[in-house]
Every structure is written in structure tokens, then in C-alpha cells.
Amino acid sequence: MKILITGAYGQLGYSLSKFRSTKDKVYRTGVKIPLGEKGLRLNIIDNIMLKDIILSLSPDIIINLAAITNVDFCESNPKIAKEINTNGVQNLVDVFPGKIIHLSTDYVFDGLNGPYKEEDQINPISVYGKTKYDAEKIVLEKENNLVLRANVLYDGLKYNNASFLNWVVNNLKNKNSIKVVDDQYNNPTWTESIAKVLMLCLNNNISGLYHWGDEDYLSRYDFAIKIAKAYGLESSLIKKIPTSELNQLAPRPLNGGLDQNKLKNILKIIPPKINDCLNAILIKEAE
Ligand SMILES: NC(=O)c1ccc[n+]([C@@H]2O[C@H](COP(=O)([O-])OP(=O)(O)OC[C@H]3O[C@@H](n4cnc5c(N)ncnc54)[C@H](OP(=O)(O)O)[C@@H]3O)[C@@H](O)[C@H]2O)c1
């Protein structure tokens with residue numbers, strides 16, 4: 001099978017690229033190809049580039065990870081957010097006749113009643129959430145496509161400045177005190193966990209709308225404490241604050257997160273616990 005990944009040099013793209021099997025050919029694409037990496041330049045809003053690449057590679061499946069994921073940037077730049085997160089996805093659906101697997105988010109919900117099931121009421125409260133929900137509707141117009149919603153992805157990759165895990169670890173290593181919100185609840189998900197699930201969905205030809213998140217449902221503060229403990233760092237440097245104190249531009253769903261039972265039962269898999277994921281990341285970092 002020929003699999004084309006868009007946004008392949010982001011956080012999830014790196015984990016997904018590790019899962020290729022010998023029988024599949026994987027094409028990694030991105031707006032910029034980082035130094036030392038192989039891949040093809042592809043901006044999903046560029047229709048001509050998109051048509052050329054699809055014609056020349058004729059992939060069987062596209063996994064779309066391309067998105068503007070900075071929630072506050074989306075709030076202050078709604079046109080750019082819509083152009084990439086929604087219109088870019090429309091381009092993919094218009095140009096590519098095959099199956100699309102698209103990543104979405106728990107930010108399509110308002111955060112009053114998480115963790116959310118697939119059939120729960122949508123109500124995005126940010127531009128990011130709205131653009132991602134609009135993209136879901138576009139992708140699901142074709143029966144064979146799959147939308148997989150995820151929440152709070154993390155990994156320990158050194159290059160990743162946006163990773164919450166790296167932010168906590170680097171600050172605590174430098175003995176900096178950090179403020180972390182204790183009123184935002186999710187089930188943080190290791191990128192390798194969701195990458196495995198994506199590959200299982202692909203191999204089992206799953207289509208429709210599904211949720212995936214790892215096992216523990218907890219506040220961001222409690223997640224930071226778990227990180228400090230796993231890395232042997234000083235957890236007393238982590239101070240609790242409410243979300244309102246951060247004055248973030250985009251509102252955040254407070255009780256967010258995803259109920260993954262539906263997919264868990266279909267794929268017969270057990271979501272991992274945060275402590276096990278953090279230990280696995282530490283082992284990889286030591287190798
Ligand atoms: N991170 C999370 O916590 C989280 C949670 C739920 C769902 N998701 C979804 O999961 C997917 C992957 O997220 P991630 O964490 O891997 O995000 P990420 O690290 O921000 O990666 C997104 C990638 O998309 C690329 N991109 C941006 N605009 C593009 C365009 N016009 N054409 C092609 N590529 C473009 C980015 O490139 P540049 O960096 O060069 O702009 C980046 O490499 C996204 O759809 C996101 O909405 C993420």
C-alpha cells in the first residue's frame with residue numbers, strides 16, 4: 001500500500017513514520033522539510049502542487065496531519081486558520097479520490113462534560129475547534145474516510161518546542177518554577193500510542209468517526225506532577241493556577257478529553273497509562 005502523510009514533520013508525524021511496515025511505501029510530506037530529513041514539499045492549500053504530487057505518486061491512502069495547531073494563533077488569525085485547517089482539507093477531498101484518514105481534536109467540544117463520546121453534542125468554543133469541526137464534516141462526506149479525534153498529544157522529542165512534556169522537563173531541570181492549570185482535564189496521549197492506533201485503523205479499514213486517548217483522565221497540573229516524578233525532578237516547583245489566570249486569547253474546554261471505548265472494543269486494545277508511557281520515553285531517551 002502507498003501511504004502519503006501530510007504534515008509529516010510535526011509531533012505526530014514523527015511517531016507515525018516509525019510504524020511503516022516493509023510492505024507499505026510511505027511518502028512523508030511537509031511545508032518545510034527539516035534539515036537531514038527526506039521528503040516532499042507539500043502545502044495542502046496549494047492545489048496545483050497537491051494535484052501534481054497525487055498524480056505522480058498515486059497513493060492509496062492519505063493520512064492528513066497538516067494543521068495549524070497553535071490555538072491562540074488561530075484565534076487571532078481566523079482567516080489563516082480556516083484556509084489551512086478547513087479549506088486545505090476540502091482541497092484534499094476534492095483532489096484525492098481514495099481514502100483519507102484525518103486527525104481531529106476534542107476542541108470540537110465545549111468542555112462542559114468531558115470525557116466525550118463520539119455521539120456527544122459538538123460545540124466548539126475557539127476558532128481552532130470550529131475550523132477542525134468544519135474539516136471533519138468535509139472528510140466524512142465520503143463514506144470510506146476516517147476521522148480520528150485525539151487530545152493533548154505528547155512525546156519527548158528534543159526538537160519539539162511545543163511539547164508540554166519538554167516544557168515541564170526543561171524548566172524543572174533548570175530549577176525554574178512553573179505555573180500549571182489545575183482546572184483543565186483531558187486524557188493526554190503519547191504520540192506513539194495514537195500512531196499505533198492509526199496503523200491498526202488503516203490495516204482494519206476502519207471508517208467513520210472515532211475517539212482515541214490514553215487511559216488516565218487528569219488535570220494538566222496532575223500530568224505535570226507525574227512528569228516530574230517520572231524524571232526524578234522537583235515537583236514542588238510546579239504551582240497550581242486556574243485557567244482564568246493565564247489570560248489566553250482562545251477559550252479552552254475545561255472538562256475535555258475523549259472516551260475511547262468504542263475503538264478500544266473494535267480493535268481489542270487497551271489504552272496505555274501515562275506512567276508506562278513516560279517510562280518508555282525515558283528508556284528511549286537513554287538509548
Ligand atoms: N498536538 C495535539 O495535542 C493535538 C491534539 C488533538 C488533535 N491534534 C491534531 O493532530 C494532527 C497532528 O498534530 P501535531 O501535534 O503533530 O501538530 P504539529 O506538530 O503542529 O504538526 C502539524 C504539521 O502540519 C504542518 N502544516 C501546517 N500548515 C500546513 C499546510 N498548509 N500544508 C501542509 N502542512 C502544514 C506543520 O508544519 P509547520 O510546523 O512547518 O507549520 C506541522 O509540521 C493535527 O491535525 C492536529 O489538529 C493534535
# chains A, B, ... in the order shown; residues from 1 in each chain; ligands from 1
$ residues_near_ligand --ligand "ligand 1" --cutoff "7 Å" --atoms "only C-alpha atoms and all ligand atoms" --output "PyMOL selection string"
chain A and resi 6-13+30-32+42-45+64-69+84+88+103-106+132+149-154
$ residues_around --residues "Gly213 (chain A)" --least-positions-apart "4" --cutoff "6 Å" --atoms "only C-alpha atoms" --output "MDAnalysis selection string"
chainID A and resid 187 189 258
$ write_last_selection --atoms "C-alpha atoms" --output "compact mmCIF listing (two decimals), in the first residue's frame"
# COMPACT_ATOMS: atom_id res chain seq x y z
CA ASN A 187 -6.54 12.19 28.80
CA THR A 189 -1.94 10.72 24.74
CA LEU A 258 -12.14 11.66 24.91
$ residues_around --residues "Leu254 (chain A)" --least-positions-apart "4" --cutoff "7 Å" --atoms "only C-alpha atoms" --output "PDB file with N, CA and C atoms, in the first residue's frame"
ATOM      1  N   GLY A 111     -16.231  21.461  26.501  1.00  0.00           N
ATOM      2  CA  GLY A 111     -15.520  21.185  27.751  1.00  0.00           C
ATOM      3  C   GLY A 111     -16.386  21.279  28.989  1.00  0.00           C
ATOM      4  N   LEU A 112     -17.703  21.140  28.813  1.00  0.00           N
ATOM      5  CA  LEU A 112     -18.572  21.153  29.993  1.00  0.00           C
ATOM      6  C   LEU A 112     -18.794  19.738  30.538  1.00  0.00           C
ATOM      7  N   ASP A 183      -7.468  23.168  36.347  1.00  0.00           N
ATOM      8  CA  ASP A 183      -8.902  23.051  36.038  1.00  0.00           C
ATOM      9  C   ASP A 183      -9.151  22.661  34.583  1.00  0.00           C
ATOM     10  N   GLN A 184      -8.101  22.203  33.871  1.00  0.00           N
ATOM     11  CA  GLN A 184      -8.296  21.659  32.508  1.00  0.00           C
ATOM     12  C   GLN A 184      -8.026  20.164  32.574  1.00  0.00           C
ATOM     13  N   TYR A 185      -9.065  19.381  32.256  1.00  0.00           N
ATOM     14  CA  TYR A 185      -8.961  17.917  32.349  1.00  0.00           C
ATOM     15  C   TYR A 185      -8.995  17.279  30.956  1.00  0.00           C
TER      16      TYR A 185
END
$ residues_around --residues "Tyr231 (chain A)" --least-positions-apart "4" --cutoff "12 Å" --atoms "only C-alpha atoms" --output "VMD selection string"
chain A and resid 156 165 to 166 168 to 170 172 to 173 224 to 227 235 275 278 to 283 285 to 286
$ write_last_selection --atoms "C-alpha atoms" --output "tab-separated table (two decimals), in the first residue's frame"
chain	number	residue	atom	x	y	z
A	156	GLY	CA	9.87	13.58	24.39
A	165	LEU	CA	6.49	17.25	28.32
A	166	ASN	CA	9.65	19.06	27.16
A	168	VAL	CA	7.95	20.81	32.06
A	169	VAL	CA	11.20	18.80	31.99
A	170	ASN	CA	13.39	21.65	30.72
A	172	LEU	CA	12.35	21.78	36.21
A	173	LYS	CA	15.88	20.75	35.16
A	224	ALA	CA	2.95	17.83	35.20
A	225	ILE	CA	3.42	16.21	38.63
A	226	LYS	CA	3.54	12.74	37.01
A	227	ILE	CA	6.18	14.03	34.57
A	235	SER	CA	7.64	18.65	41.80
A	275	ASN	CA	3.38	6.35	33.85
A	278	LEU	CA	6.73	8.20	30.42
A	279	ASN	CA	8.90	5.22	31.42
A	280	ALA	CA	9.01	4.03	27.79
A	281	ILE	CA	10.01	7.55	26.65
A	282	LEU	CA	12.76	7.66	29.30
A	283	ILE	CA	14.12	4.29	28.12
A	285	GLU	CA	15.92	8.76	25.56
A	286	ALA	CA	18.60	6.74	27.36
$ residues_around --residues "region 50-60 of chain A" --least-positions-apart "6" --cutoff "10 Å" --atoms "only C-alpha atoms" --output "list in words"
Met1, Lys2, Ile3, Leu4, Ile5, Lys25, Val26, Tyr27, Thr29, Leu40, Arg41, Leu42, Asn43, Ile44, Asn91, Leu92, Asp94, Val95, Phe96, Pro97, Gly98, Lys99 and Ile100 of chain A
$ write_last_selection --atoms "N, CA and C atoms" --output "compact mmCIF listing (two decimals), in the first residue's frame"
# COMPACT_ATOMS: atom_id res chain seq x y z
N MET A 1 0.84 -1.20 0.00
CA MET A 1 0.00 0.00 0.00
C MET A 1 0.88 1.26 0.00
N LYS A 2 0.45 2.27 -0.75
CA LYS A 2 1.20 3.54 -0.77
C LYS A 2 0.47 4.56 0.11
N ILE A 3 1.18 5.03 1.15
CA ILE A 3 0.56 5.95 2.13
C ILE A 3 1.26 7.29 2.06
N LEU A 4 0.49 8.35 1.84
CA LEU A 4 1.05 9.69 1.83
C LEU A 4 0.65 10.41 3.12
N ILE A 5 1.64 10.93 3.83
CA ILE A 5 1.34 11.65 5.08
C ILE A 5 1.57 13.15 4.86
N LYS A 25 4.65 1.54 1.32
CA LYS A 25 5.55 2.62 0.89
C LYS A 25 4.98 3.90 1.50
N VAL A 26 5.79 4.60 2.30
CA VAL A 26 5.30 5.81 2.96
C VAL A 26 5.96 7.04 2.35
N TYR A 27 5.15 7.99 1.93
CA TYR A 27 5.66 9.27 1.43
C TYR A 27 5.40 10.33 2.49
N THR A 29 5.37 14.17 3.64
CA THR A 29 5.35 15.49 3.02
C THR A 29 5.16 16.57 4.10
N LEU A 40 8.92 15.22 0.67
CA LEU A 40 8.47 16.08 -0.42
C LEU A 40 7.79 17.31 0.12
N ARG A 41 8.00 18.43 -0.54
CA ARG A 41 7.32 19.66 -0.11
C ARG A 41 5.87 19.59 -0.56
N LEU A 42 4.97 19.77 0.38
CA LEU A 42 3.55 19.82 0.01
C LEU A 42 2.80 20.72 1.00
N ASN A 43 2.25 21.81 0.42
CA ASN A 43 1.39 22.69 1.20
C ASN A 43 -0.04 22.33 0.79
N ILE A 44 -0.87 21.91 1.74
CA ILE A 44 -2.20 21.39 1.34
C ILE A 44 -3.12 22.47 0.79
N ASN A 91 -9.54 20.81 -0.14
CA ASN A 91 -8.68 20.54 -1.30
C ASN A 91 -8.33 19.07 -1.40
N LEU A 92 -7.93 18.49 -0.27
CA LEU A 92 -7.55 17.07 -0.28
C LEU A 92 -8.72 16.20 -0.75
N ASP A 94 -11.28 17.11 -2.51
CA ASP A 94 -11.62 17.38 -3.92
C ASP A 94 -10.65 16.70 -4.89
N VAL A 95 -9.38 16.68 -4.53
CA VAL A 95 -8.36 16.21 -5.48
C VAL A 95 -8.11 14.71 -5.37
N PHE A 96 -8.24 14.16 -4.16
CA PHE A 96 -7.85 12.76 -3.94
C PHE A 96 -9.08 11.85 -3.87
N PRO A 97 -9.17 10.87 -4.78
CA PRO A 97 -10.36 10.01 -4.79
C PRO A 97 -10.32 8.88 -3.76
N GLY A 98 -9.15 8.61 -3.20
CA GLY A 98 -9.01 7.45 -2.29
C GLY A 98 -9.36 7.79 -0.85
N LYS A 99 -9.02 6.85 0.05
CA LYS A 99 -9.38 7.00 1.47
C LYS A 99 -8.50 8.06 2.15
N ILE A 100 -9.15 8.91 2.95
CA ILE A 100 -8.42 9.90 3.76
C ILE A 100 -8.64 9.60 5.23
$ residues_around --residues "Phe73 (chain A)" --least-positions-apart "2" --cutoff "12 Å" --atoms "only C-alpha atoms" --output "list in words"
Ala67, Ile68, Thr69, Asn70, Val71, Glu75, Ser76, Asn77, Pro78, Lys79, Ile80, Ala81, Lys82, Ser126, Val127, Tyr128, Gln248, Leu249 and Ala250 of chain A
$ atom_distance --atom1 "CA of Asn85 (chain A)" --atom2 "CA of Thr131 (chain A)"
5.7 Å
$ closest_residue --among "A:Lys23, A:Arg220, A:Lys142, A:Lys284" --to "Ser207 (chain A)" --atoms "only C-alpha atoms"
A:Lys142
$ closest_residue --among "A:Asn176, A:Ser236, A:Ser219, A:Asn145" --to "Ile63 (chain A)" --atoms "only C-alpha atoms"
A:Asn145
$ closest_residue --among "A:Pro188, A:Ile194, A:Tyr107, A:Ile241" --to "Ile122 (chain A)" --atoms "only C-alpha atoms"
A:Tyr107
$ atom_distance --atom1 "CA of Ile266 (chain A)" --atom2 "CA of Leu209 (chain A)"
12.8 Å
$ closest_residue --among "A:Asp110, A:Asp182, A:Asp72, A:Glu83" --to "Glu245 (chain A)" --atoms "only C-alpha atoms"
A:Asp182
$ closest_residue --among "A:Phe223, A:Leu246, A:Gly256, A:Leu146" --to "Pro124 (chain A)" --atoms "only C-alpha atoms"
A:Gly256
$ closest_residue --among "A:Asn186, A:Val147, A:Phe164, A:Ser193" --to "Phe19 (chain A)" --atoms "only C-alpha atoms"
A:Ser193
$ atom_distance --atom1 "CA of Asn47 (chain A)" --atom2 "CA of Val93 (chain A)"
11.2 Å
$ select_by_dssp --residues "region 175-275 of chain A" --states "strand (DSSP E or B)" --output "NGL selection string"
:A and (178-181 or 185-186 or 189-190 or 208-211 or 218-219 or 238-241 or 255 or 258)
$ write_last_selection --atoms "C-alpha atoms" --output "tab-separated table (two decimals), in the first residue's frame"
chain	number	residue	atom	x	y	z
A	178	ILE	CA	6.26	26.84	36.56
A	179	LYS	CA	2.55	27.59	36.78
A	180	VAL	CA	0.22	24.85	35.51
A	181	VAL	CA	-3.56	24.94	35.33
A	185	TYR	CA	-8.96	17.92	32.35
A	186	ASN	CA	-8.03	15.59	29.47
A	189	THR	CA	-1.94	10.72	24.74
A	190	TRP	CA	1.55	9.60	23.77
A	208	GLY	CA	-16.32	6.91	10.19
A	209	LEU	CA	-15.69	8.92	13.35
A	210	TYR	CA	-13.77	7.62	16.38
A	211	HIS	CA	-12.06	8.88	19.52
A	218	LEU	CA	-6.49	14.08	34.88
A	219	SER	CA	-5.77	17.79	35.20
A	238	ILE	CA	5.06	23.27	39.93
A	239	LYS	CA	2.41	25.75	41.13
A	240	LYS	CA	-1.34	25.29	40.57
A	241	ILE	CA	-3.27	28.09	38.86
A	255	ASN	CA	-13.56	19.22	31.11
A	258	LEU	CA	-12.14	11.66	24.91
$ select_by_dssp --residues "region 53-88 of chain A" --states "helix (DSSP H, G or I)" --output "list in words"
Ile53, Ile54, Leu55, Ser56, Leu57, Val71, Asp72, Phe73, Cys74, Glu75, Ser76, Pro78, Lys79, Ile80, Ala81, Lys82, Glu83, Ile84, Asn85, Thr86, Asn87 and Gly88 of chain A
